[in-house]
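Chemist: Here it is, the structure in full.
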Amino acid sequence: MSLMDKMLALDQRIIFALMFIALAFPILNPIILPMDIQQYSRDSFEFADSIPAGSVVLIEGGLTAATYPQGGPGLEVQIVHMLRKDVKLVFFSIGTETAAWTVTAINNALEKLPSGVAAENGVNWVHMGYVPGGESGVAAFANDIRSVKTEDHFGTPIDQIPLMSEINKASDFVAVFWWGGSEGSIPFGIRQIVTPFGVPMTGMCTTNEVPNYTPYINSGQMIGIIGGVRGSAEYEYLMGMPGLALGQAMATNFGGLLWAFLVVLGNVLYFIARREEAAK
Amino acid sequence: MDSFLLGLIAGSFVSIGAYSVLIGDNPLSKFTENLYMGILGGFIFATNWNYVRTSAINPVLQGNYVFIVAILLCVMLFSRLKAEWLWLSRYPVAVTVGAGLGLAIRTSVMADFLGQINATILPLTSIDNLVMIIGTVTAAAYFIFTAQTEGPYKYVNQTGRIFLLAAFGVTYGQTVSFRFELVIGRLVDMLRPEVAIYTYVMLLLVALGLGYGYYTKKIKWYSGR
Amino acid sequence: MTLIVEGRLVGLLTLVVIAGSIIYYMQRAYSGKIPKLRRLQAVDVIDEILGRCVEMGRPAYYLMDTVTMDNPSVLAPTVAAFQILAHTARRAAHLGSRFFVPVTQGLAYTIASEVVDEAYKAENKQDELKLDETVMYLPDGADRMYIINHMWSDEMAGAFFLGSWYHKAVIFTENAARVGAMMLGGTDTTHNIPFLVAICDYSLIGEELYALGAYVSEDPTVSSSLAGQDIGKFIAAILIVLGSILITLGMSIKGLFSM
Amino acid sequence: MSERLIKMQIPVILTAIIGLLMIIEFFFPMPAPVTSLNVTLRSFVTIISAAALILGTIVLTIYHSKKIGTRKSEWYYSIVYVLAFVVTAGLGVLDVRNTTFLWIYNNMTSPIGAALYSLTAFYITSAAYRVLRARNWNSAVLLVCALIVLLMLIPIGAILFPPVLPIGTWIRNIPSGAGFRGMIIGTSLGIMGLGVRVFMGRQKEHLGIREERRELE
């Protein structure tokens with residue numbers, strides 16, 4: 001076997017070990033590099049910043065255990081951002097797992113809140129919890145909240161929640177922040193809330209879904225988007241509260257370089273082998 | 001040792017169990033996978049049962065008898081477990097699929113179809129607009145299946161394929177970064193200063209255990225492929 | 001009381017036109033005139049792959065990943081995967097190449113067995129078929145290692161990755177490429193199309209999967225549906241090009257969309 | 001009523017009626033009783049969807065219990081599944097806000113799920129090195145775009161290769177945006193096509209009715 005074949009037949013597990021090291025190393029000793037802010041993140045932040053005090057915003061919490069490290073920091077900072085501006089928040093989720101992680105985001109955000117900011121459950125924010133049925137569930141919730149939710153995530157009957165007294169349809173909200181994570185649920189928000197009710201929407205999705213939604217952003221159906229951990233880091237930066245996301249965004253450096261190097265190396269070896277065969 | 005730290009350590013141990021599948025299927029990875037499926041199954045069962053109870057059973061107990069029909073449809077769904085009664089489950093499926101398709105179609109025609117067409121009507125004053133128009137039209141036309149590829153359609157088809165490949169290339173690059181972010185998210189919790197020592201000890205134990213298993217052939221070693 | 005909800009008239013008209021054209025083609029198809037679909041290159045690729053398997057005396061794998069029948073978003077690719085399975089099984093029976101179809105869901109397993117059995121019967125090669133070795137039920141989670149190990153031990157020469165593919169696409173395609181199999185991959189899940197397009201020798205993108213299913217099974221329903229949907233794509237192309245030319249000349253038709 | 005009517009035709013007709021009710025409600029102003037019927041139907045859909053998820057976990061548990069009964073290969077892992085399921089489901093049904101129930105979920109399921117979901121990061125990397133080849137101009141276009149965009153996303157990329165940022169952003173916004181826009185138009189038409197086929201009763205697989213012999217033959 002020529003050197004080439006031996007290099008190409010490298011055991012998978014060696015590559016896996018290299019990847020583990022490339023990802024773990026920057027976590028153990030982080031290096032922070034300058035990072036410019038993407039336009040999508042800036043648009044999303046500025047739209048959130050433009051929400052007038054006293055208005056009510058709907059937030060879909062779609063982060064799971066796997067995507068919370070990426071979206072969680074951004075969502076927490078946005079909750080602080082809104083509560084400090086006295087914007088009321090109504091949360092809901094279309095998954096059982098995501099409903100539980102939305103509670104985590106709210107709790108972490110409340111801890112980060114400067115003292116003196118009103119953040120009472122049921123008055124400043126409420127978590128309506130899990131709505132099953134995917135896109136149909138979103139449509140049911142958007143058209144008549146009380147038809148699908150009789151109590152909030154913590155069991156409080158909906159009629160005892162002051163914040164929900166005048167709210168029962170999507171048009172009662174000033175905006176929607178759709179933290180879809182990797183649910184692929186952003187089209188549900190666009191089709192069942194933006195289009196029928198005309199409520200403006202921004203949100204977050206994991207890095208791999210950003211290209212899918214560029215058409216909705218370019219057409220104005222969605223106002224910017226927070227893309228993956230980098231988007232969260234940029235939101236943290238714009239809020240002047242750098243935190244967990246920035247370190248994780250930096251940790252993708254060596255992994256990304258290793259991947260790029262392996263692709264180039266693999267192709268170089270492939271082309272050399274192909275030219276050798278042609279020469280034979 | 002408060003429950004938060006205990007939780008992080010337990011999380012680190014089970015993550016190592018899950019990652020051990022990278023070496024090749026072994027007892028630890030299979031144990032971890034089945035533990036995961038079991039707990040997640042239980043979680044989904046309990047949370048959805050809570051939803052059915054609060055949204056269907058409680059209203060009936062409080063006198064709103066319309067929801068008896070919903071409970072009936074749920075029971076009919078369970079007839080799928082027996083082949084002869086399968087036809088009973090067609091009624092609840094008809095409700096969900098009928099409503100699901102109706103709700104998707106009614107707004108998709110405006111949000112997706114007309115929305116994207118409207119957004120692509122751009123003045124031919126810039127290169128970007130020109131590329132966007134040609135790209136959208138040829139990418140949509142790529143999926144025309146009743147035009148034969150001999151005539152001029154061949155060039156439309158090939159141009160559309162280039163734009164689609166660019167879209168998939170971008171998705172590929174973004175997905176690679178996304179997958180790394182998933183691992184980083186897990187490693188951040190496993191390598192926290194107060195948890196790192198437990199992670200290293202567990203890694204050592206797993207390495208020794210598997211090494212012993214492979215050495216004594218109790219666990220099948222998958223040759224490097 | 002306006003007759004139509006404000007701002008949704010054009011949406012309704014569009015839906016009526018597109019649904020109308022699909023119904024029109026469907027009625028024609030069911031009265032005998034099935035619309036002629038474009039011959040996709042993949043049809044010849046199936047024969048090429050199976051031919052290679054016969055030459056090398058090694059099996060071809062047909063993998064469908066997620067095949068659930070009751071979830072509408074996965075219904076179209078699942079139906080297409082079974083239609084292509086029927087055709088591929090028939091070609092395999094005809095050419096006499098060994099064939100392996102692992103399935104991870106119970107209901108899909110029974111349907112796949114029926115489809116393969118009917119295919120071999122149609123080629124009256126019933127005796128050559130050992131059904132329980134050809135179609136196998138592998139529960140989700142246990143299928144990954146089993147399939148990868150057997151890819152290597154069988155030294156498989158051909159592979160089809162057709163249906164609704166999720167994160168397992170990378171794992172199987174990499175091993176299949178390393179084993180040296182010729183591969184045809186196609187899915188409509190946009191997150192995983194890149195992996196199949198990049199790694200497989202031949203690939204189908206999104207709706208091409210449905211078109212291949214309709215073409216090989218001459219299914220009047222899907223063929224006429226695709227023909228009707230093509231009308232929608234023509235409308236889109238005309239509106240975009242015409243609208244862009246007009247707007248360049250200063251006349252915008254964008255207002256029409258929100259009537 | 002004939003058996004065929006109850007078992008096959010009514011479910012198909014019911015699917016079409018409910019689907020059309022939803023569509024009509026959107027485009028035409030409706031009298032109150034029709035709207036409230038639709039609201040009720042949509043709440044039924046959420047309840048049935050929740051029940052379907054419960055059914056899914058039961059089917060899996062039955063499978064694992066049978067595996068324990070018949071001692072099929074590696075049946076002892078199924079004991080782990082069944083025990084984990086019964087403990088978690090039991091605690092959760094008693095009280096869905098029980099702290100132990102939530103602790104088990106947060107600290108046992110979540111990390112494993114996150115780890116399993118991230119496994120593909122490793123498989124992508126080995127695939128990148130060993131099989132991802134620019135064999136023809138198709139895969140070359142795909143590979144170049146992937147490399148540029150990845151380098152744009154990682155902070156160090158823009159520092160080492162500055163042009164990656166403007167080019168990557170342009171590729172993602174314009175060509176890739178156009179490609180996805182074309183696909184969204186196609187997918188939307190696909191949903192409409194599927195709707196017509198299902199409502200016309202021509203496509204019934206979702207009801208477990210395999211396509212009958214085609215009327216043509």
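Every chain in the structure tokens takes a letter, A first, then B, and so on in the order presented; its residues are numbered from 1, and the ligands are numbered from 1 following the presented order.
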Could you pull the residues within 6 Å of A:Val87, counting only C-alpha atoms, minus those fewer than 4 positions along the same chain, as an mmCIF file with C-alpha atoms, in the first residue's frame?
Modeler:
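Contents of part.cif, freshly written:
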```cif
data_model
loop_
_atom_site.group_PDB
_atom_site.id
_atom_site.type_symbol
_atom_site.label_atom_id
_atom_site.label_comp_id
_atom_site.auth_asym_id
_atom_site.auth_seq_id
_atom_site.Cartn_x
_atom_site.Cartn_y
_atom_site.Cartn_z
ATOM 1 C CA ALA A 53 -42.128 49.808 27.134
ATOM 2 C CA GLY A 54 -45.337 48.225 28.441
ATOM 3 C CA SER A 55 -46.020 46.196 25.267
ATOM 4 C CA VAL A 56 -46.347 42.386 25.293
ATOM 5 C CA MET A 82 -36.789 43.098 27.653
ATOM 6 C CA LEU A 83 -37.570 43.087 31.373
#
```
Chemist: Counting only C-alpha atoms, collect the residues of chain A whose closest atom lies at most 12 Å from chain C, and write them out as a VMD selection string.
Modeler: chain A and resid 5 8 to 12 133 to 136 182 to 184 195 to 198 206 to 213
Chemist: With only C-alpha atoms as the counted atoms, please give the residues lying no more than 9 Å from D:Phe27, apart from itself and same-chain residues fewer than 4 positions off, as a VMD selection string.
Modeler: (chain B and resid 106) or (chain C and resid 4 to 6 8 to 9 11 to 12) or (chain D and resid 23)
Chemist: With all heavy atoms retained, write the just-selected residues as an mmCIF file, in the first residue's frame.
Modeler:
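Listing of result20.cif after writing:
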```
data_model
loop_
_atom_site.group_PDB
_atom_site.id
_atom_site.type_symbol
_atom_site.label_atom_id
_atom_site.label_comp_id
_atom_site.auth_asym_id
_atom_site.auth_seq_id
_atom_site.Cartn_x
_atom_site.Cartn_y
_atom_site.Cartn_z
ATOM 1 N N ARG B 106 -53.221 26.635 3.724
ATOM 2 C CA ARG B 106 -53.932 27.918 3.654
ATOM 3 C C ARG B 106 -52.987 29.107 3.780
ATOM 4 O O ARG B 106 -53.186 30.141 3.161
ATOM 5 C CB ARG B 106 -55.027 27.969 4.717
ATOM 6 C CG ARG B 106 -54.538 28.099 6.139
ATOM 7 C CD ARG B 106 -55.693 28.039 7.121
ATOM 8 N NE ARG B 106 -55.349 28.660 8.405
ATOM 9 C CZ ARG B 106 -56.215 28.798 9.395
ATOM 10 N NH1 ARG B 106 -57.467 28.392 9.237
ATOM 11 N NH2 ARG B 106 -55.860 29.367 10.528
ATOM 12 N N ILE C 4 -64.489 38.313 0.834
ATOM 13 C CA ILE C 4 -63.247 37.566 1.119
ATOM 14 C C ILE C 4 -62.441 38.393 2.128
ATOM 15 O O ILE C 4 -62.421 39.616 2.051
ATOM 16 C CB ILE C 4 -62.446 37.356 -0.189
ATOM 17 C CG1 ILE C 4 -63.248 36.411 -1.112
ATOM 18 C CG2 ILE C 4 -61.073 36.785 0.078
ATOM 19 C CD1 ILE C 4 -62.647 36.213 -2.471
ATOM 20 N N VAL C 5 -61.802 37.710 3.028
ATOM 21 C CA VAL C 5 -61.030 38.408 4.065
ATOM 22 C C VAL C 5 -60.021 39.329 3.397
ATOM 23 O O VAL C 5 -59.359 38.963 2.415
ATOM 24 C CB VAL C 5 -60.305 37.385 4.980
ATOM 25 C CG1 VAL C 5 -59.407 38.106 5.970
ATOM 26 C CG2 VAL C 5 -61.336 36.522 5.690
ATOM 27 N N GLU C 6 -59.920 40.518 3.882
ATOM 28 C CA GLU C 6 -59.101 41.575 3.277
ATOM 29 C C GLU C 6 -57.647 41.118 3.148
ATOM 30 O O GLU C 6 -57.075 40.529 4.082
ATOM 31 C CB GLU C 6 -59.220 42.816 4.187
ATOM 32 C CG GLU C 6 -58.897 44.137 3.503
ATOM 33 C CD GLU C 6 -57.469 44.557 3.792
ATOM 34 O OE1 GLU C 6 -56.989 44.186 4.873
ATOM 35 O OE2 GLU C 6 -56.830 45.162 2.933
ATOM 36 N N ARG C 8 -56.426 38.722 1.279
ATOM 37 C CA ARG C 8 -56.189 37.286 1.001
ATOM 38 C C ARG C 8 -56.823 36.861 -0.318
ATOM 39 O O ARG C 8 -56.874 35.682 -0.620
ATOM 40 C CB ARG C 8 -56.772 36.443 2.150
ATOM 41 C CG ARG C 8 -56.065 36.734 3.470
ATOM 42 C CD ARG C 8 -56.587 35.908 4.623
ATOM 43 N NE ARG C 8 -55.910 36.286 5.872
ATOM 44 C CZ ARG C 8 -56.291 35.875 7.081
ATOM 45 N NH1 ARG C 8 -57.346 35.071 7.185
ATOM 46 N NH2 ARG C 8 -55.641 36.258 8.167
ATOM 47 N N LEU C 9 -57.288 37.808 -1.128
ATOM 48 C CA LEU C 9 -57.952 37.448 -2.389
ATOM 49 C C LEU C 9 -56.963 36.766 -3.328
ATOM 50 O O LEU C 9 -57.213 35.658 -3.839
ATOM 51 C CB LEU C 9 -58.513 38.715 -3.060
ATOM 52 C CG LEU C 9 -59.027 38.522 -4.498
ATOM 53 C CD1 LEU C 9 -60.232 37.572 -4.506
ATOM 54 C CD2 LEU C 9 -59.379 39.862 -5.136
ATOM 55 N N GLY C 11 -54.200 35.304 -2.673
ATOM 56 C CA GLY C 11 -53.807 33.990 -2.130
ATOM 57 C C GLY C 11 -54.838 32.945 -2.496
ATOM 58 O O GLY C 11 -54.507 31.848 -2.976
ATOM 59 N N LEU C 12 -56.110 33.299 -2.369
ATOM 60 C CA LEU C 12 -57.192 32.345 -2.690
ATOM 61 C C LEU C 12 -57.172 32.009 -4.176
ATOM 62 O O LEU C 12 -57.207 30.823 -4.558
ATOM 63 C CB LEU C 12 -58.538 32.965 -2.309
ATOM 64 C CG LEU C 12 -59.774 32.114 -2.625
ATOM 65 C CD1 LEU C 12 -59.759 30.810 -1.818
ATOM 66 C CD2 LEU C 12 -61.049 32.901 -2.338
ATOM 67 N N ILE D 23 -59.268 25.670 5.497
ATOM 68 C CA ILE D 23 -58.906 26.582 4.390
ATOM 69 C C ILE D 23 -59.988 27.649 4.214
ATOM 70 O O ILE D 23 -59.703 28.851 4.130
ATOM 71 C CB ILE D 23 -58.684 25.766 3.092
ATOM 72 C CG1 ILE D 23 -57.445 24.870 3.259
ATOM 73 C CG2 ILE D 23 -58.532 26.682 1.895
ATOM 74 C CD1 ILE D 23 -57.214 23.904 2.130
#
```
Chemist: Atom CA of D:Thr88 and atom CA of B:Gly42 are how many Å apart?
Modeler: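 Going from atom CA of D:Thr88 over to atom CA of B:Gly42 covers 4.8 Å.
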Chemist: Tell me, counting only C-alpha atoms, for each residue of chain C within 7 Å of chain D, which pair of atoms is nearest and how far apart they are in Å to one decimal, in rows ordered by chain and increasing number, as a tab-separated table.
Modeler:
```
residue	atom	partner	partner_atom	distance
C:Leu3	CA	D:Phe28	CA	6.6
C:Ile4	CA	D:Phe28	CA	4.8
C:Val5	CA	D:Phe28	CA	5.4
C:Arg8	CA	D:Phe27	CA	6.2
C:Leu12	CA	D:Phe27	CA	6.7
C:Ala19	CA	D:Val196	CA	6.5
C:Ile22	CA	D:Gly193	CA	6.9
C:Met69	CA	D:His206	CA	5.0
C:Asp70	CA	D:His206	CA	4.6
C:Leu75	CA	D:His206	CA	6.9
C:His167	CA	D:Thr120	CA	6.9
C:Val170	CA	D:Ile124	CA	6.5
C:Ile171	CA	D:Tyr123	CA	6.1
C:Glu174	CA	D:Ala127	CA	5.6
C:Ala177	CA	D:Val131	CA	6.5
C:Ala198	CA	D:Ser139	CA	5.5
C:Ile199	CA	D:Leu132	CA	5.8
C:Thr221	CA	D:Arg202	CA	6.5
C:Ser225	CA	D:Gly193	CA	5.6
C:Gln229	CA	D:Leu189	CA	5.7
C:Gly232	CA	D:Leu189	CA	6.8
```
Chemist: Take the residues from that selection and write them out as a CSV table (one decimal), in the first residue's frame, keeping N, CA, C and O atoms.
Modeler:
```csv
chain,number,residue,atom,x,y,z
C,3,LEU,N,-66.7,39.9,1.0
C,3,LEU,CA,-66.9,38.5,0.6
C,3,LEU,C,-65.7,37.7,1.0
C,3,LEU,O,-65.8,36.6,1.5
C,4,ILE,N,-64.5,38.3,0.8
C,4,ILE,CA,-63.2,37.6,1.1
C,4,ILE,C,-62.4,38.4,2.1
C,4,ILE,O,-62.4,39.6,2.1
C,5,VAL,N,-61.8,37.7,3.0
C,5,VAL,CA,-61.0,38.4,4.1
C,5,VAL,C,-60.0,39.3,3.4
C,5,VAL,O,-59.4,39.0,2.4
C,8,ARG,N,-56.4,38.7,1.3
C,8,ARG,CA,-56.2,37.3,1.0
C,8,ARG,C,-56.8,36.9,-0.3
C,8,ARG,O,-56.9,35.7,-0.6
C,12,LEU,N,-56.1,33.3,-2.4
C,12,LEU,CA,-57.2,32.3,-2.7
C,12,LEU,C,-57.2,32.0,-4.2
C,12,LEU,O,-57.2,30.8,-4.6
C,19,ALA,N,-54.5,24.3,-7.3
C,19,ALA,CA,-55.3,23.1,-7.0
C,19,ALA,C,-56.1,22.6,-8.2
C,19,ALA,O,-56.2,21.5,-8.5
C,22,ILE,N,-53.9,20.8,-10.7
C,22,ILE,CA,-53.6,19.5,-10.2
C,22,ILE,C,-54.7,18.5,-10.4
C,22,ILE,O,-54.6,17.4,-10.9
C,69,MET,N,-45.6,6.3,8.5
C,69,MET,CA,-46.7,6.5,7.6
C,69,MET,C,-47.7,7.6,8.0
C,69,MET,O,-48.5,8.1,7.3
C,70,ASP,N,-47.7,7.9,9.4
C,70,ASP,CA,-48.8,8.8,9.8
C,70,ASP,C,-48.4,10.2,10.0
C,70,ASP,O,-49.2,11.0,10.3
C,75,LEU,N,-44.7,11.8,4.7
C,75,LEU,CA,-45.5,10.9,3.9
C,75,LEU,C,-45.0,10.9,2.4
C,75,LEU,O,-44.8,9.8,1.9
C,167,HIS,N,-29.8,12.4,10.6
C,167,HIS,CA,-28.4,12.5,10.9
C,167,HIS,C,-27.6,11.2,10.6
C,167,HIS,O,-26.4,11.2,10.5
C,170,VAL,N,-24.7,10.7,7.1
C,170,VAL,CA,-23.3,10.8,7.1
C,170,VAL,C,-22.6,9.5,7.4
C,170,VAL,O,-21.7,9.0,6.7
C,171,ILE,N,-23.1,8.8,8.4
C,171,ILE,CA,-22.5,7.6,8.9
C,171,ILE,C,-22.5,6.5,7.9
C,171,ILE,O,-21.5,5.9,7.5
C,174,GLU,N,-20.5,7.4,4.4
C,174,GLU,CA,-19.1,7.4,4.5
C,174,GLU,C,-18.6,5.9,4.5
C,174,GLU,O,-17.7,5.6,3.7
C,177,ALA,N,-19.0,4.5,1.0
C,177,ALA,CA,-17.9,5.1,0.1
C,177,ALA,C,-16.6,4.3,0.4
C,177,ALA,O,-15.9,3.9,-0.6
C,198,ALA,N,-22.8,15.4,-1.7
C,198,ALA,CA,-21.3,15.4,-1.7
C,198,ALA,C,-20.7,14.1,-1.8
C,198,ALA,O,-19.6,13.9,-2.4
C,199,ILE,N,-21.3,13.1,-1.1
C,199,ILE,CA,-20.6,11.8,-1.0
C,199,ILE,C,-21.1,10.8,-2.0
C,199,ILE,O,-20.3,10.0,-2.5
C,221,THR,N,-51.4,9.2,-9.8
C,221,THR,CA,-51.7,10.2,-8.8
C,221,THR,C,-50.5,11.2,-8.6
C,221,THR,O,-50.6,12.4,-8.8
C,225,SER,N,-50.0,15.0,-10.1
C,225,SER,CA,-49.8,16.1,-9.1
C,225,SER,C,-48.6,16.9,-9.4
C,225,SER,O,-48.6,18.1,-9.4
C,229,GLN,N,-48.3,20.8,-10.3
C,229,GLN,CA,-47.4,21.7,-9.5
C,229,GLN,C,-46.4,22.4,-10.5
C,229,GLN,O,-46.0,23.5,-10.2
C,232,GLY,N,-47.6,25.7,-11.4
C,232,GLY,CA,-47.3,26.7,-10.4
C,232,GLY,C,-45.9,27.3,-10.6
C,232,GLY,O,-45.6,28.5,-10.4
```
Chemist: Write down, as a compact mmCIF listing (two decimals) with C-alpha atoms, in the first residue's frame, each residue of chain C that has any atom within 6 Å of an atom of chain B, counting only C-alpha atoms.
Modeler:
```
# COMPACT_ATOMS: atom_id res chain seq x y z
CA GLY C 11 -53.81 33.99 -2.13
CA LEU C 37 -42.50 12.90 -16.79
CA ARG C 38 -38.94 13.80 -17.69
CA PRO C 194 -25.57 18.23 1.19
CA ASP C 230 -45.23 22.45 -12.60
CA ALA C 237 -41.20 32.18 -13.26
CA ILE C 240 -40.91 37.09 -11.31
CA GLY C 243 -42.68 41.77 -12.53
CA SER C 244 -38.97 42.55 -12.48
CA ILE C 247 -40.61 47.38 -11.90
CA THR C 248 -37.40 48.36 -13.71
```
Chemist: Could you give me, as a ChimeraX atom specification, the residues within 10 Å of A:Lys88, counting only C-alpha atoms and dropping anything in the same chain fewer than 2 positions from it?
Modeler: /A:53-58,79,82-83,85-86,90,119,122-126,163,173
Chemist: Save out the residues we just selected, N, CA, C and O atoms, as a CSV table (one decimal), in the first residue's frame.
Modeler:
```csv
chain,number,residue,atom,x,y,z
A,53,ALA,N,-41.9,50.3,25.8
A,53,ALA,CA,-42.1,49.8,27.1
A,53,ALA,C,-43.6,49.5,27.3
A,53,ALA,O,-44.5,50.1,26.6
A,54,GLY,N,-43.9,48.5,28.1
A,54,GLY,CA,-45.3,48.2,28.4
A,54,GLY,C,-46.0,47.3,27.4
A,54,GLY,O,-47.1,46.8,27.7
A,55,SER,N,-45.3,47.1,26.3
A,55,SER,CA,-46.0,46.2,25.3
A,55,SER,C,-45.7,44.7,25.6
A,55,SER,O,-44.8,44.4,26.4
A,56,VAL,N,-46.5,43.8,25.0
A,56,VAL,CA,-46.3,42.4,25.3
A,56,VAL,C,-45.8,41.7,24.1
A,56,VAL,O,-46.2,41.9,22.9
A,57,VAL,N,-44.7,40.8,24.4
A,57,VAL,CA,-44.1,40.1,23.3
A,57,VAL,C,-44.2,38.6,23.5
A,57,VAL,O,-44.2,38.1,24.7
A,58,LEU,N,-44.5,37.8,22.4
A,58,LEU,CA,-44.6,36.4,22.5
A,58,LEU,C,-43.2,35.8,22.2
A,58,LEU,O,-42.6,36.1,21.3
A,79,ILE,N,-34.0,38.2,27.6
A,79,ILE,CA,-35.1,38.3,28.6
A,79,ILE,C,-34.7,39.5,29.5
A,79,ILE,O,-35.5,40.3,29.9
A,82,MET,N,-35.4,42.7,27.7
A,82,MET,CA,-36.8,43.1,27.7
A,82,MET,C,-37.3,43.5,29.0
A,82,MET,O,-38.0,44.6,29.1
A,83,LEU,N,-37.0,42.7,30.1
A,83,LEU,CA,-37.6,43.1,31.4
A,83,LEU,C,-37.1,44.4,31.8
A,83,LEU,O,-37.8,45.2,32.5
A,85,LYS,N,-36.5,46.9,30.0
A,85,LYS,CA,-37.3,47.9,29.2
A,85,LYS,C,-38.8,47.8,29.6
A,85,LYS,O,-39.6,48.5,28.9
A,86,ASP,N,-39.1,47.1,30.7
A,86,ASP,CA,-40.5,46.9,31.1
A,86,ASP,C,-41.4,46.4,29.9
A,86,ASP,O,-42.5,46.8,29.7
A,90,VAL,N,-44.6,36.7,27.1
A,90,VAL,CA,-45.4,35.4,27.2
A,90,VAL,C,-44.6,34.4,26.5
A,90,VAL,O,-44.3,34.5,25.3
A,119,ALA,N,-40.0,41.8,37.9
A,119,ALA,CA,-39.9,40.5,37.1
A,119,ALA,C,-40.8,39.5,37.8
A,119,ALA,O,-40.4,38.4,38.2
A,122,GLY,N,-46.4,36.1,36.1
A,122,GLY,CA,-47.8,36.4,36.0
A,122,GLY,C,-48.1,37.8,35.8
A,122,GLY,O,-49.2,38.2,35.3
A,123,VAL,N,-47.1,38.7,36.1
A,123,VAL,CA,-47.4,40.1,35.8
A,123,VAL,C,-46.4,40.6,34.7
A,123,VAL,O,-46.8,41.2,33.7
A,124,ASN,N,-45.1,40.3,34.9
A,124,ASN,CA,-44.1,40.8,33.9
A,124,ASN,C,-43.8,39.7,32.9
A,124,ASN,O,-43.4,40.0,31.8
A,125,TRP,N,-44.0,38.5,33.3
A,125,TRP,CA,-43.7,37.4,32.3
A,125,TRP,C,-44.6,36.2,32.7
A,125,TRP,O,-45.0,36.1,33.9
A,126,VAL,N,-44.9,35.3,31.8
A,126,VAL,CA,-45.6,34.1,32.1
A,126,VAL,C,-45.2,33.0,31.1
A,126,VAL,O,-44.9,33.4,29.9
A,163,LEU,N,-51.4,39.1,33.6
A,163,LEU,CA,-50.8,39.4,32.3
A,163,LEU,C,-51.7,38.9,31.1
A,163,LEU,O,-51.8,39.5,30.1
A,173,PHE,N,-50.2,40.5,20.5
A,173,PHE,CA,-48.7,40.7,20.8
A,173,PHE,C,-48.2,41.7,19.8
A,173,PHE,O,-48.6,41.8,18.7
```
Chemist: Give me the residues within 10 Å of D:Leu165 as a PyMOL selection string, counting only C-alpha atoms and dropping any in the same chain fewer than 2 places off.
Modeler: (chain A and resi 36+38) or (chain D and resi 148-149+151-153+157-159+161-163+167-171)
Chemist: Please list as a list in words every residue within 8 Å of A:Met222, counting only C-alpha atoms and excluding residues in the same chain fewer than 5 positions away.
Modeler: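 The filter keeps Ile190, Pro200, Met201, Thr202, Tyr216 and Ile217 of chain A.
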Chemist: Run DSSP on the backbone and give me the residues of stretch 20-205 of chain B it puts in alpha helix (DSSP H), as a PyMOL selection string.
Modeler: chain B and resi 27-52+58-61+67-77+90-108+115-120+127-141+153-190+193-205
